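Student: So I've got this file, entry_21.pdb, and it contains PDB, C-alpha atoms, pLDDT in the B column:
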```pdb
ATOM      1  CA  MET W   1     -72.799   4.780 346.394  1.00 35.00           C
ATOM      2  CA  SER W   2     -74.478   1.836 344.695  1.00 42.00           C
ATOM      3  CA  SER W   3     -77.309   2.419 342.245  1.00 46.00           C
ATOM      4  CA  TYR W   4     -79.867   0.381 344.186  1.00 51.00           C
ATOM      5  CA  SER W   5     -80.119   3.151 346.776  1.00 53.00           C
ATOM      6  CA  HIS W   6     -81.334   5.595 344.104  1.00 66.00           C
ATOM      7  CA  SER W   7     -83.907   3.747 341.988  1.00 92.00           C
ATOM      8  CA  PHE W   8     -86.949   1.609 342.657  1.00 96.00           C
ATOM      9  CA  ARG W   9     -89.456   0.544 340.021  1.00 97.00           C
ATOM     10  CA  PHE W  10     -92.064  -2.129 339.501  1.00 98.00           C
ATOM     11  CA  THR W  11     -91.408  -4.284 336.439  1.00 98.00           C
ATOM     12  CA  ALA W  12     -94.404  -6.637 336.375  1.00 98.00           C
ATOM     13  CA  GLU W  13     -97.617  -7.333 338.233  1.00 97.00           C
ATOM     14  CA  SER W  14    -100.315  -9.967 338.351  1.00 98.00           C
ATOM     15  CA  THR W  15    -103.308 -10.749 340.520  1.00 97.00           C
ATOM     16  CA  ALA W  16    -104.572 -14.207 341.468  1.00 96.00           C
ATOM     17  CA  ASN W  17    -106.583 -15.680 344.327  1.00 94.00           C
ATOM     18  CA  GLY W  18    -106.769 -12.429 346.253  1.00 96.00           C
ATOM     19  CA  ILE W  19    -103.047 -11.624 346.055  1.00 97.00           C
ATOM     20  CA  LEU W  20    -101.340  -8.874 344.077  1.00 98.00           C
ATOM     21  CA  GLU W  21     -97.798  -9.884 343.076  1.00 98.00           C
ATOM     22  CA  ARG W  22     -95.440  -7.136 341.898  1.00 98.00           C
ATOM     23  CA  ASP W  23     -91.885  -7.718 340.735  1.00 98.00           C
ATOM     24  CA  PHE W  24     -89.524  -4.800 341.272  1.00 98.00           C
ATOM     25  CA  LEU W  25     -85.950  -3.699 340.765  1.00 97.00           C
ATOM     26  CA  LEU W  26     -84.005  -1.811 343.393  1.00 97.00           C
ATOM     27  CA  GLY W  27     -81.264  -0.602 341.093  1.00 95.00           C
ATOM     28  CA  ASP W  28     -80.154  -3.985 339.746  1.00 95.00           C
ATOM     29  CA  VAL W  29     -81.382  -5.998 342.759  1.00 97.00           C
ATOM     30  CA  PRO W  30     -84.561  -7.964 341.916  1.00 98.00           C
ATOM     31  CA  GLY W  31     -87.349  -8.368 344.447  1.00 98.00           C
ATOM     32  CA  VAL W  32     -91.021  -9.190 344.780  1.00 98.00           C
ATOM     33  CA  LEU W  33     -93.815  -7.588 346.795  1.00 98.00           C
ATOM     34  CA  TRP W  34     -96.997  -9.496 347.626  1.00 98.00           C
ATOM     35  CA  SER W  35    -100.032  -7.514 348.807  1.00 97.00           C
ATOM     36  CA  PRO W  36    -103.790  -7.948 349.238  1.00 97.00           C
ATOM     37  CA  ALA W  37    -105.476  -7.594 345.851  1.00 96.00           C
ATOM     38  CA  ALA W  38    -108.225  -5.450 347.364  1.00 91.00           C
ATOM     39  CA  PRO W  39    -106.817  -2.072 348.435  1.00 81.00           C
ATOM     40  CA  ALA W  40    -107.066  -1.459 352.181  1.00 82.00           C
ATOM     41  CA  ALA W  41    -108.348   1.770 353.669  1.00 81.00           C
ATOM     42  CA  GLU W  42    -105.255   2.112 355.857  1.00 88.00           C
ATOM     43  CA  PRO W  43    -101.575   1.164 355.439  1.00 92.00           C
ATOM     44  CA  ALA W  44    -100.820  -2.396 356.532  1.00 95.00           C
ATOM     45  CA  PRO W  45     -97.794  -4.008 358.210  1.00 97.00           C
ATOM     46  CA  LEU W  46     -94.827  -5.106 356.111  1.00 98.00           C
ATOM     47  CA  ILE W  47     -92.977  -8.394 356.581  1.00 98.00           C
ATOM     48  CA  LEU W  48     -89.513  -8.664 355.022  1.00 98.00           C
ATOM     49  CA  MET W  49     -88.492 -12.241 354.272  1.00 98.00           C
ATOM     50  CA  GLY W  50     -85.037 -13.654 353.662  1.00 98.00           C
ATOM     51  CA  HIS W  51     -84.875 -16.850 351.587  1.00 97.00           C
ATOM     52  CA  GLY W  52     -82.699 -19.858 352.288  1.00 94.00           C
ATOM     53  CA  GLY W  53     -79.321 -20.660 350.761  1.00 93.00           C
ATOM     54  CA  GLY W  54     -79.482 -21.862 347.169  1.00 92.00           C
ATOM     55  CA  ASN W  55     -83.078 -20.635 346.811  1.00 95.00           C
ATOM     56  CA  HIS W  56     -84.619 -17.424 345.488  1.00 97.00           C
ATOM     57  CA  LYS W  57     -87.263 -14.787 346.138  1.00 98.00           C
ATOM     58  CA  LYS W  58     -90.177 -16.816 344.689  1.00 97.00           C
ATOM     59  CA  HIS W  59     -89.159 -20.210 346.075  1.00 97.00           C
ATOM     60  CA  PRO W  60     -92.272 -22.116 347.224  1.00 96.00           C
ATOM     61  CA  ALA W  61     -91.299 -21.523 350.851  1.00 96.00           C
ATOM     62  CA  MET W  62     -91.363 -17.774 350.224  1.00 97.00           C
ATOM     63  CA  SER W  63     -94.542 -17.643 348.162  1.00 97.00           C
ATOM     64  CA  GLY W  64     -96.288 -20.020 350.562  1.00 97.00           C
ATOM     65  CA  ARG W  65     -95.426 -17.958 353.632  1.00 97.00           C
ATOM     66  CA  ALA W  66     -96.383 -14.790 351.802  1.00 98.00           C
ATOM     67  CA  ARG W  67     -99.759 -16.284 350.914  1.00 98.00           C
ATOM     68  CA  LEU W  68    -100.450 -17.013 354.585  1.00 97.00           C
ATOM     69  CA  LEU W  69     -99.480 -13.497 355.664  1.00 98.00           C
ATOM     70  CA  VAL W  70    -101.437 -11.732 352.921  1.00 97.00           C
ATOM     71  CA  LEU W  71    -104.631 -13.765 353.098  1.00 96.00           C
ATOM     72  CA  SER W  72    -104.724 -14.378 356.859  1.00 95.00           C
ATOM     73  CA  CYS W  73    -103.523 -10.984 358.039  1.00 96.00           C
ATOM     74  CA  GLY W  74    -103.733  -8.499 355.175  1.00 96.00           C
ATOM     75  CA  TYR W  75     -99.989  -7.807 355.336  1.00 97.00           C
ATOM     76  CA  HIS W  76     -97.521  -6.839 352.624  1.00 98.00           C
ATOM     77  CA  VAL W  77     -94.565  -9.215 352.126  1.00 98.00           C
ATOM     78  CA  ALA W  78     -91.294  -8.425 350.332  1.00 98.00           C
ATOM     79  CA  VAL W  79     -88.339 -10.617 349.365  1.00 98.00           C
ATOM     80  CA  LEU W  80     -85.056  -9.737 347.658  1.00 98.00           C
ATOM     81  CA  ASP W  81     -82.873 -12.176 345.772  1.00 98.00           C
ATOM     82  CA  ALA W  82     -79.719 -12.493 347.863  1.00 97.00           C
ATOM     83  CA  PRO W  83     -76.373 -11.860 346.131  1.00 96.00           C
ATOM     84  CA  GLY W  84     -75.519 -14.769 343.831  1.00 96.00           C
ATOM     85  CA  HIS W  85     -79.050 -16.183 344.067  1.00 96.00           C
ATOM     86  CA  GLY W  86     -82.176 -16.194 341.927  1.00 95.00           C
ATOM     87  CA  ASP W  87     -81.922 -13.703 339.083  1.00 95.00           C
ATOM     88  CA  ARG W  88     -78.584 -12.324 340.303  1.00 96.00           C
ATOM     89  CA  PRO W  89     -75.379 -13.588 338.678  1.00 95.00           C
ATOM     90  CA  ARG W  90     -72.858 -15.553 340.661  1.00 95.00           C
ATOM     91  CA  THR W  91     -69.400 -14.102 341.155  1.00 95.00           C
ATOM     92  CA  ALA W  92     -66.175 -16.093 341.117  1.00 97.00           C
ATOM     93  CA  HIS W  93     -66.275 -15.915 344.922  1.00 95.00           C
ATOM     94  CA  ASP W  94     -69.784 -17.436 344.939  1.00 94.00           C
ATOM     95  CA  GLU W  95     -68.707 -20.263 342.639  1.00 94.00           C
ATOM     96  CA  ALA W  96     -65.626 -21.044 344.728  1.00 95.00           C
ATOM     97  CA  GLU W  97     -67.571 -21.184 348.003  1.00 94.00           C
ATOM     98  CA  ILE W  98     -70.310 -23.338 346.482  1.00 92.00           C
ATOM     99  CA  ASP W  99     -67.722 -25.756 345.089  1.00 94.00           C
ATOM    100  CA  VAL W 100     -66.073 -26.104 348.498  1.00 94.00           C
ATOM    101  CA  MET W 101     -69.463 -26.593 350.155  1.00 91.00           C
ATOM    102  CA  GLN W 102     -70.533 -29.294 347.701  1.00 92.00           C
ATOM    103  CA  GLU W 103     -67.218 -31.092 348.062  1.00 93.00           C
ATOM    104  CA  ALA W 104     -67.592 -31.111 351.851  1.00 92.00           C
ATOM    105  CA  MET W 105     -71.105 -32.563 351.574  1.00 88.00           C
ATOM    106  CA  ALA W 106     -69.957 -35.216 349.111  1.00 91.00           C
ATOM    107  CA  THR W 107     -67.078 -36.317 351.339  1.00 91.00           C
ATOM    108  CA  GLY W 108     -68.904 -36.128 354.647  1.00 88.00           C
ATOM    109  CA  LYS W 109     -66.883 -33.236 356.009  1.00 90.00           C
ATOM    110  CA  PRO W 110     -68.528 -30.564 358.208  1.00 91.00           C
ATOM    111  CA  VAL W 111     -70.154 -27.842 356.125  1.00 92.00           C
ATOM    112  CA  GLY W 112     -70.785 -25.508 359.035  1.00 93.00           C
ATOM    113  CA  PRO W 113     -67.545 -23.494 358.823  1.00 93.00           C
ATOM    114  CA  ILE W 114     -68.036 -22.996 355.066  1.00 95.00           C
ATOM    115  CA  VAL W 115     -71.687 -21.998 355.332  1.00 94.00           C
ATOM    116  CA  VAL W 116     -70.974 -19.609 358.210  1.00 94.00           C
ATOM    117  CA  ARG W 117     -68.160 -17.922 356.282  1.00 95.00           C
ATOM    118  CA  TYR W 118     -70.118 -17.639 353.043  1.00 95.00           C
ATOM    119  CA  ASN W 119     -73.345 -16.474 354.671  1.00 96.00           C
ATOM    120  CA  ASP W 120     -71.462 -13.845 356.645  1.00 95.00           C
ATOM    121  CA  HIS W 121     -70.092 -12.524 353.351  1.00 96.00           C
ATOM    122  CA  LEU W 122     -73.576 -12.439 351.819  1.00 96.00           C
ATOM    123  CA  ALA W 123     -74.977 -10.668 354.878  1.00 96.00           C
ATOM    124  CA  GLU W 124     -72.393  -7.925 354.563  1.00 96.00           C
ATOM    125  CA  LEU W 125     -73.432  -7.346 350.958  1.00 96.00           C
ATOM    126  CA  SER W 126     -77.148  -7.609 351.709  1.00 97.00           C
ATOM    127  CA  LEU W 127     -77.530  -5.183 354.605  1.00 97.00           C
ATOM    128  CA  PRO W 128     -77.398  -1.942 352.605  1.00 97.00           C
ATOM    129  CA  GLU W 129     -79.706  -3.494 350.005  1.00 97.00           C
ATOM    130  CA  TRP W 130     -82.331  -4.361 352.594  1.00 98.00           C
ATOM    131  CA  LYS W 131     -82.100  -0.917 354.200  1.00 97.00           C
ATOM    132  CA  ALA W 132     -82.611   0.711 350.799  1.00 97.00           C
ATOM    133  CA  ALA W 133     -85.488  -1.663 350.025  1.00 98.00           C
ATOM    134  CA  LEU W 134     -87.230  -0.800 353.284  1.00 98.00           C
ATOM    135  CA  ASP W 135     -86.788   2.913 352.555  1.00 97.00           C
ATOM    136  CA  ALA W 136     -88.354   2.456 349.103  1.00 97.00           C
ATOM    137  CA  LEU W 137     -91.207   0.218 350.254  1.00 98.00           C
ATOM    138  CA  GLN W 138     -92.180   2.602 353.034  1.00 97.00           C
ATOM    139  CA  ARG W 139     -92.594   5.340 350.445  1.00 97.00           C
ATOM    140  CA  LEU W 140     -95.521   3.382 348.983  1.00 96.00           C
ATOM    141  CA  PRO W 141     -98.797   4.790 350.345  1.00 94.00           C
ATOM    142  CA  GLU W 142    -100.201   1.325 351.031  1.00 95.00           C
ATOM    143  CA  ILE W 143     -97.283   0.650 353.402  1.00 96.00           C
ATOM    144  CA  GLY W 144     -96.137   4.020 354.732  1.00 95.00           C
ATOM    145  CA  THR W 145     -93.709   4.806 357.528  1.00 95.00           C
ATOM    146  CA  ASP W 146     -96.003   4.442 360.537  1.00 92.00           C
ATOM    147  CA  GLY W 147     -96.870   0.757 360.329  1.00 92.00           C
ATOM    148  CA  PRO W 148     -94.874  -2.068 361.936  1.00 96.00           C
ATOM    149  CA  VAL W 149     -92.185  -4.005 360.083  1.00 98.00           C
ATOM    150  CA  GLY W 150     -91.212  -7.627 360.719  1.00 98.00           C
ATOM    151  CA  TRP W 151     -88.447  -9.969 359.559  1.00 98.00           C
ATOM    152  CA  TRP W 152     -88.878 -13.678 358.769  1.00 98.00           C
ATOM    153  CA  GLY W 153     -85.891 -15.718 357.637  1.00 98.00           C
ATOM    154  CA  ILE W 154     -84.629 -19.244 358.326  1.00 97.00           C
ATOM    155  CA  ASN W 155     -81.144 -20.629 357.588  1.00 97.00           C
ATOM    156  CA  MET W 156     -79.447 -18.040 355.335  1.00 97.00           C
ATOM    157  CA  GLY W 157     -82.430 -15.783 356.045  1.00 98.00           C
ATOM    158  CA  THR W 158     -81.271 -15.821 359.670  1.00 98.00           C
ATOM    159  CA  ALA W 159     -77.639 -15.148 358.733  1.00 98.00           C
ATOM    160  CA  ILE W 160     -78.759 -12.023 356.863  1.00 98.00           C
ATOM    161  CA  GLY W 161     -81.647 -11.174 359.161  1.00 98.00           C
ATOM    162  CA  ILE W 162     -79.869 -11.047 362.520  1.00 98.00           C
ATOM    163  CA  PRO W 163     -77.320  -8.394 361.434  1.00 98.00           C
ATOM    164  CA  PHE W 164     -80.106  -6.471 359.693  1.00 98.00           C
ATOM    165  CA  VAL W 165     -82.493  -6.498 362.654  1.00 98.00           C
ATOM    166  CA  ALA W 166     -79.635  -5.655 365.043  1.00 98.00           C
ATOM    167  CA  GLU W 167     -79.006  -2.442 363.089  1.00 97.00           C
ATOM    168  CA  GLU W 168     -82.526  -1.591 361.923  1.00 98.00           C
ATOM    169  CA  PRO W 169     -84.783   0.051 364.547  1.00 97.00           C
ATOM    170  CA  ARG W 170     -87.808  -0.104 362.252  1.00 98.00           C
ATOM    171  CA  VAL W 171     -88.092  -3.897 362.661  1.00 98.00           C
ATOM    172  CA  ALA W 172     -90.415  -4.617 365.584  1.00 98.00           C
ATOM    173  CA  ALA W 173     -90.535  -8.452 365.645  1.00 98.00           C
ATOM    174  CA  ALA W 174     -88.630 -11.289 363.978  1.00 98.00           C
ATOM    175  CA  VAL W 175     -88.729 -15.002 363.236  1.00 98.00           C
ATOM    176  CA  PHE W 176     -85.353 -16.726 362.885  1.00 98.00           C
ATOM    177  CA  GLY W 177     -84.033 -20.274 362.964  1.00 98.00           C
ATOM    178  CA  GLN W 178     -81.532 -22.958 362.075  1.00 98.00           C
ATOM    179  CA  HIS W 179     -78.123 -21.350 362.064  1.00 97.00           C
ATOM    180  CA  TRP W 180     -74.804 -21.466 363.851  1.00 97.00           C
ATOM    181  CA  PRO W 181     -73.938 -18.809 366.472  1.00 97.00           C
ATOM    182  CA  ASP W 182     -70.342 -18.215 365.328  1.00 95.00           C
ATOM    183  CA  THR W 183     -70.673 -14.803 363.658  1.00 95.00           C
ATOM    184  CA  LEU W 184     -74.201 -14.041 364.840  1.00 98.00           C
ATOM    185  CA  ALA W 185     -74.223 -14.298 368.645  1.00 98.00           C
ATOM    186  CA  ASP W 186     -72.719 -10.858 369.247  1.00 98.00           C
ATOM    187  CA  ARG W 187     -75.292  -9.247 366.934  1.00 98.00           C
ATOM    188  CA  ALA W 188     -78.116 -11.275 368.489  1.00 98.00           C
ATOM    189  CA  ARG W 189     -77.212  -9.719 371.841  1.00 98.00           C
ATOM    190  CA  ARG W 190     -78.219  -6.355 370.348  1.00 98.00           C
ATOM    191  CA  ILE W 191     -81.688  -7.565 369.411  1.00 98.00           C
ATOM    192  CA  THR W 192     -84.410  -6.747 371.943  1.00 98.00           C
ATOM    193  CA  VAL W 193     -87.596  -7.099 369.854  1.00 98.00           C
ATOM    194  CA  PRO W 194     -89.820 -10.189 370.265  1.00 98.00           C
ATOM    195  CA  VAL W 195     -88.289 -13.255 368.605  1.00 98.00           C
ATOM    196  CA  GLU W 196     -89.563 -16.685 367.631  1.00 98.00           C
ATOM    197  CA  TYR W 197     -86.762 -19.169 366.895  1.00 98.00           C
ATOM    198  CA  ASP W 198     -86.980 -22.549 365.128  1.00 98.00           C
ATOM    199  CA  LEU W 199     -84.544 -25.369 365.875  1.00 98.00           C
ATOM    200  CA  GLN W 200     -84.353 -28.925 364.547  1.00 98.00           C
ATOM    201  CA  TRP W 201     -83.385 -31.228 367.411  1.00 98.00           C
ATOM    202  CA  ASP W 202     -81.740 -33.818 365.164  1.00 97.00           C
ATOM    203  CA  ASP W 203     -80.078 -31.395 362.731  1.00 96.00           C
ATOM    204  CA  GLU W 204     -77.164 -33.198 361.084  1.00 94.00           C
ATOM    205  CA  HIS W 205     -75.352 -29.939 360.328  1.00 94.00           C
ATOM    206  CA  ILE W 206     -76.076 -27.639 363.275  1.00 96.00           C
ATOM    207  CA  PRO W 207     -75.485 -29.246 366.700  1.00 95.00           C
ATOM    208  CA  ARG W 208     -78.392 -28.529 369.020  1.00 95.00           C
ATOM    209  CA  GLU W 209     -75.965 -26.904 371.465  1.00 97.00           C
ATOM    210  CA  ALA W 210     -75.060 -24.421 368.736  1.00 97.00           C
ATOM    211  CA  GLY W 211     -78.691 -23.626 368.012  1.00 97.00           C
ATOM    212  CA  LEU W 212     -79.447 -23.220 371.698  1.00 98.00           C
ATOM    213  CA  ALA W 213     -76.444 -20.899 372.096  1.00 98.00           C
ATOM    214  CA  LEU W 214     -77.743 -18.596 369.368  1.00 98.00           C
ATOM    215  CA  PHE W 215     -81.230 -18.552 370.875  1.00 98.00           C
ATOM    216  CA  ASP W 216     -79.747 -17.792 374.285  1.00 98.00           C
ATOM    217  CA  ALA W 217     -77.843 -14.809 372.864  1.00 98.00           C
ATOM    218  CA  PHE W 218     -80.944 -12.775 371.963  1.00 98.00           C
ATOM    219  CA  ALA W 219     -81.486  -9.959 374.450  1.00 98.00           C
ATOM    220  CA  SER W 220     -85.248  -9.940 373.846  1.00 98.00           C
ATOM    221  CA  GLU W 221     -87.489 -10.017 376.911  1.00 97.00           C
ATOM    222  CA  GLU W 222     -89.936 -12.032 374.819  1.00 98.00           C
ATOM    223  CA  LYS W 223     -88.327 -14.868 372.924  1.00 98.00           C
ATOM    224  CA  THR W 224     -89.767 -18.280 372.168  1.00 98.00           C
ATOM    225  CA  LEU W 225     -87.896 -21.422 371.145  1.00 98.00           C
ATOM    226  CA  HIS W 226     -89.626 -23.975 368.921  1.00 98.00           C
ATOM    227  CA  ALA W 227     -87.602 -27.209 368.945  1.00 98.00           C
ATOM    228  CA  ASN W 228     -88.897 -29.978 366.691  1.00 98.00           C
ATOM    229  CA  SER W 229     -87.586 -33.477 366.173  1.00 97.00           C
ATOM    230  CA  GLY W 230     -86.148 -34.068 362.736  1.00 97.00           C
ATOM    231  CA  ARG W 231     -83.181 -33.316 360.528  1.00 97.00           C
ATOM    232  CA  HIS W 232     -82.092 -30.022 358.978  1.00 96.00           C
ATOM    233  CA  LYS W 233     -84.555 -29.998 356.076  1.00 94.00           C
ATOM    234  CA  GLU W 234     -87.472 -31.414 358.074  1.00 97.00           C
ATOM    235  CA  LEU W 235     -88.758 -28.229 359.700  1.00 97.00           C
ATOM    236  CA  PRO W 236     -92.512 -28.886 360.089  1.00 96.00           C
ATOM    237  CA  ARG W 237     -94.777 -26.861 357.857  1.00 94.00           C
ATOM    238  CA  PHE W 238     -96.922 -25.924 360.832  1.00 97.00           C
ATOM    239  CA  GLU W 239     -94.105 -23.648 361.995  1.00 98.00           C
ATOM    240  CA  ALA W 240     -95.146 -21.297 359.177  1.00 97.00           C
ATOM    241  CA  ASP W 241     -98.624 -21.069 360.704  1.00 97.00           C
ATOM    242  CA  SER W 242     -97.022 -20.379 364.072  1.00 98.00           C
ATOM    243  CA  ALA W 243     -94.944 -17.556 362.612  1.00 98.00           C
ATOM    244  CA  VAL W 244     -98.068 -15.983 361.117  1.00 98.00           C
ATOM    245  CA  ARG W 245     -99.775 -16.121 364.536  1.00 97.00           C
ATOM    246  CA  PHE W 246     -96.645 -14.580 366.081  1.00 98.00           C
ATOM    247  CA  PHE W 247     -96.772 -11.571 363.762  1.00 98.00           C
ATOM    248  CA  ALA W 248    -100.552 -11.257 364.106  1.00 97.00           C
ATOM    249  CA  ARG W 249    -100.191 -11.199 367.894  1.00 97.00           C
ATOM    250  CA  HIS W 250     -97.779  -8.288 367.710  1.00 97.00           C
ATOM    251  CA  PHE W 251     -99.064  -6.383 364.667  1.00 97.00           C
ATOM    252  CA  GLY W 252    -102.763  -7.219 364.618  1.00 91.00           C
ATOM    253  CA  ARG W 253    -104.821  -8.239 361.595  1.00 82.00           C
ATOM    254  CA  PRO W 254    -105.883  -5.251 359.458  1.00 72.00           C
ATOM    255  CA  ASN W 255    -108.257  -7.404 357.415  1.00 58.00           C
ATOM    256  CA  ALA W 256    -109.996  -8.948 360.438  1.00 53.00           C
TER     257      ALA W 256
END
```
Kindly return the structure encoded in the file as structure tokens.
Tutor:
Amino acid sequence: MSSYSHSFRFTAESTANGILERDFLLGDVPGVLWSPAAPAAEPAPLILMGHGGGNHKKHPAMSGRARLLVLSCGYHVAVLDAPGHGDRPRTAHDEAEIDVMQEAMATGKPVGPIVVRYNDHLAELSLPEWKAALDALQRLPEIGTDGPVGWWGINMGTAIGIPFVAEEPRVAAAVFGQHWPDTLADRARRITVPVEYDLQWDDEHIPREAGLALFDAFASEEKTLHANSGRHKELPRFEADSAVRFFARHFGRPNA
């Protein structure tokens, strides 16, 4: 059994603008937990976030979304560096897949099959890490085991998040978006919690039919599709505000 399932420790902390930021190690897997700086009287909901491909746990997209969730809702937000990302070393397999991906982009070849294959590999590695992280985080008194848990991940965060949410009954609502259905549709059919899904109508990498097929696969009685005009990297920033409202609708606002 891997070491990350046995050890969890905070390695650094800082407070600024009403947010407590704590770096942690789950074995050798680095992560970050953002929380309200002022301790709450009761445990608050936890949102797990998966970062995008090529990014890391403190990428501006992650810290920005965390800021919204902490300050607007009083939630806790946790992110792990995915395998081969952030402070985690790349393996020879990572390097080979990235080289093939970059070559495809440079020559105008479809990157979808490469990204799907690589992200599926990363998801397989990540699932036990996220389960262990959730176990450890719920042992913190400010989070606990009784409060709701959400998942928010776009692109690679969806590739990792859909298999995780499909297997993890503690997750009660999820925000996904922008991925192919190839390896994910069957797992999406096992997801019944409320879902908000983001799709870029003019995505140059993911055909809209592919995005619609993945959205259609979710078995959730409540699922909402947000389709915006624009290319793959042009997801409007206001979708982050929408995701915060989505979680607040389902989990409430402890700091309200």
Student: Near Gly52 in chain W, within 6 Å and counting only C-alpha atoms, which residues show up once chain neighbours fewer than 5 positions away are dropped, as a VMD selection string?
Tutor: chain W and resid 155 to 157
Student: Could you dump the residues just selected with C-alpha atoms as a PDB file, keeping the file's coordinate frame?
Tutor:
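Listed below is the output, selection_7.pdb:
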```
ATOM      1  CA  ASN W 155     -81.144 -20.629 357.588  1.00 97.00           C
ATOM      2  CA  MET W 156     -79.447 -18.040 355.335  1.00 97.00           C
ATOM      3  CA  GLY W 157     -82.430 -15.783 356.045  1.00 98.00           C
TER       4      GLY W 157
END
```
Student: Take CA of Ile143 in chain W and CA of Arg9 in chain W and report the distance between them in Å, one decimal.
Tutor: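 Answer for the CA of Ile143 in chain W to CA of Arg9 in chain W separation: 15.5 Å.
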Student: Starting from the shown file, work through the PyMOL selection byres ((chain W and resi 44) around 10) and note down what comes out as a ChimeraX atom specification.
Tutor: /W:35-36,40-43,45-47,73-76,141-144,146-149,251-255
Student: Could you write out as JSON the box around range 58-71 of chain W (axis-aligned, all atoms listed in the file, 6 Å on each side), with centre and edge lengths in Å to one decimal?
Tutor:
```
{"center_x": -96.9, "center_y": -16.9, "center_z": 350.2, "size_x": 27.5, "size_y": 22.4, "size_z": 23.0}
```
Student: Would you please work out which residue, of W:Leu212, W:Ala82, W:Val195, W:Ala104, is nearest to Pro181 in chain W when using only C-alpha atoms?
Tutor: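 The shortest atom-to-atom distance to Pro181 in chain W comes from W:Leu212.
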Student: When the PyMOL selection byres ((chain W and resi 225-240) around 9) is applied to the structure above, which residues does it catch, written out as an NGL selection string?
Tutor: :W and (64-65 or 68 or 177-178 or 195-206 or 212 or 215 or 223-224 or 241-245)
Student: What is the distance, in Å and to one decimal place, between CA of Ala219 in chain W and CA of Arg189 in chain W?
Tutor: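 Distance reported for this atom pair: 5.0 Å.
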Student: Which residues match the PyMOL selection byres ((chain W and resi 101) around 12) in the file above, as a list of chain:residue names?
Tutor: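 When the PyMOL selection byres ((chain W and resi 101) around 12) is applied to the shown file, the picked residues are W:Gly53, W:Gly54, W:Asp94, W:Glu95, W:Ala96, W:Glu97, W:Ile98, W:Asp99, W:Val100, W:Gln102, W:Glu103, W:Ala104, W:Met105, W:Ala106, W:Thr107, W:Gly108, W:Lys109, W:Pro110, W:Val111, W:Gly112, W:Pro113, W:Ile114, W:Val115, W:Val116, W:Arg117, W:Tyr118, W:Asn119.
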Student: Find the residue from W:Ile154, W:Leu140, W:Val193, W:Ala172 that sits nearest to Asn55 in chain W; use only C-alpha atoms when measuring.
Tutor: W:Ile154
Student: As a list in words, please: the residues near Ala37 in chain W (cut-off 6 Å, all atoms listed in the file, same-chain neighbours under 3 positions excluded).
Tutor: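 Non-adjacent residues within range: Gly18, Ile19 and Leu20 of chain W.
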Student: Take the residues that were just selected and, keeping C-alpha atoms, output them as a compact mmCIF listing (two decimals), in the frame of the given file.
Tutor:
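Output (part29.txt):
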```txt
# COMPACT_ATOMS: atom_id res chain seq x y z
CA GLY W 18 -106.77 -12.43 346.25
CA ILE W 19 -103.05 -11.62 346.06
CA LEU W 20 -101.34 -8.87 344.08
```
Student: So how far away is CA of Met62 in chain W from CA of Val29 in chain W, in Å?
Tutor: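 Distance between the two atoms: 17.1 Å.
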Student: Hey, what's within 9 Å of Asp135 in chain W if we count all atoms listed in the file and toss same-chain stuff fewer than 4 positions away? As a list in words, please?
Tutor: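 So the residues in contact are Ser5, Trp130, Lys131, Arg139 and Thr145 of chain W.
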Student: Nearest to Leu80 in chain W among W:Ser126, W:Thr15, W:Ser7, W:Thr158, with distances taken over only C-alpha atoms: which residue is it?
Tutor: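 Among the listed residues, W:Ser126 lies closest to Leu80 in chain W.
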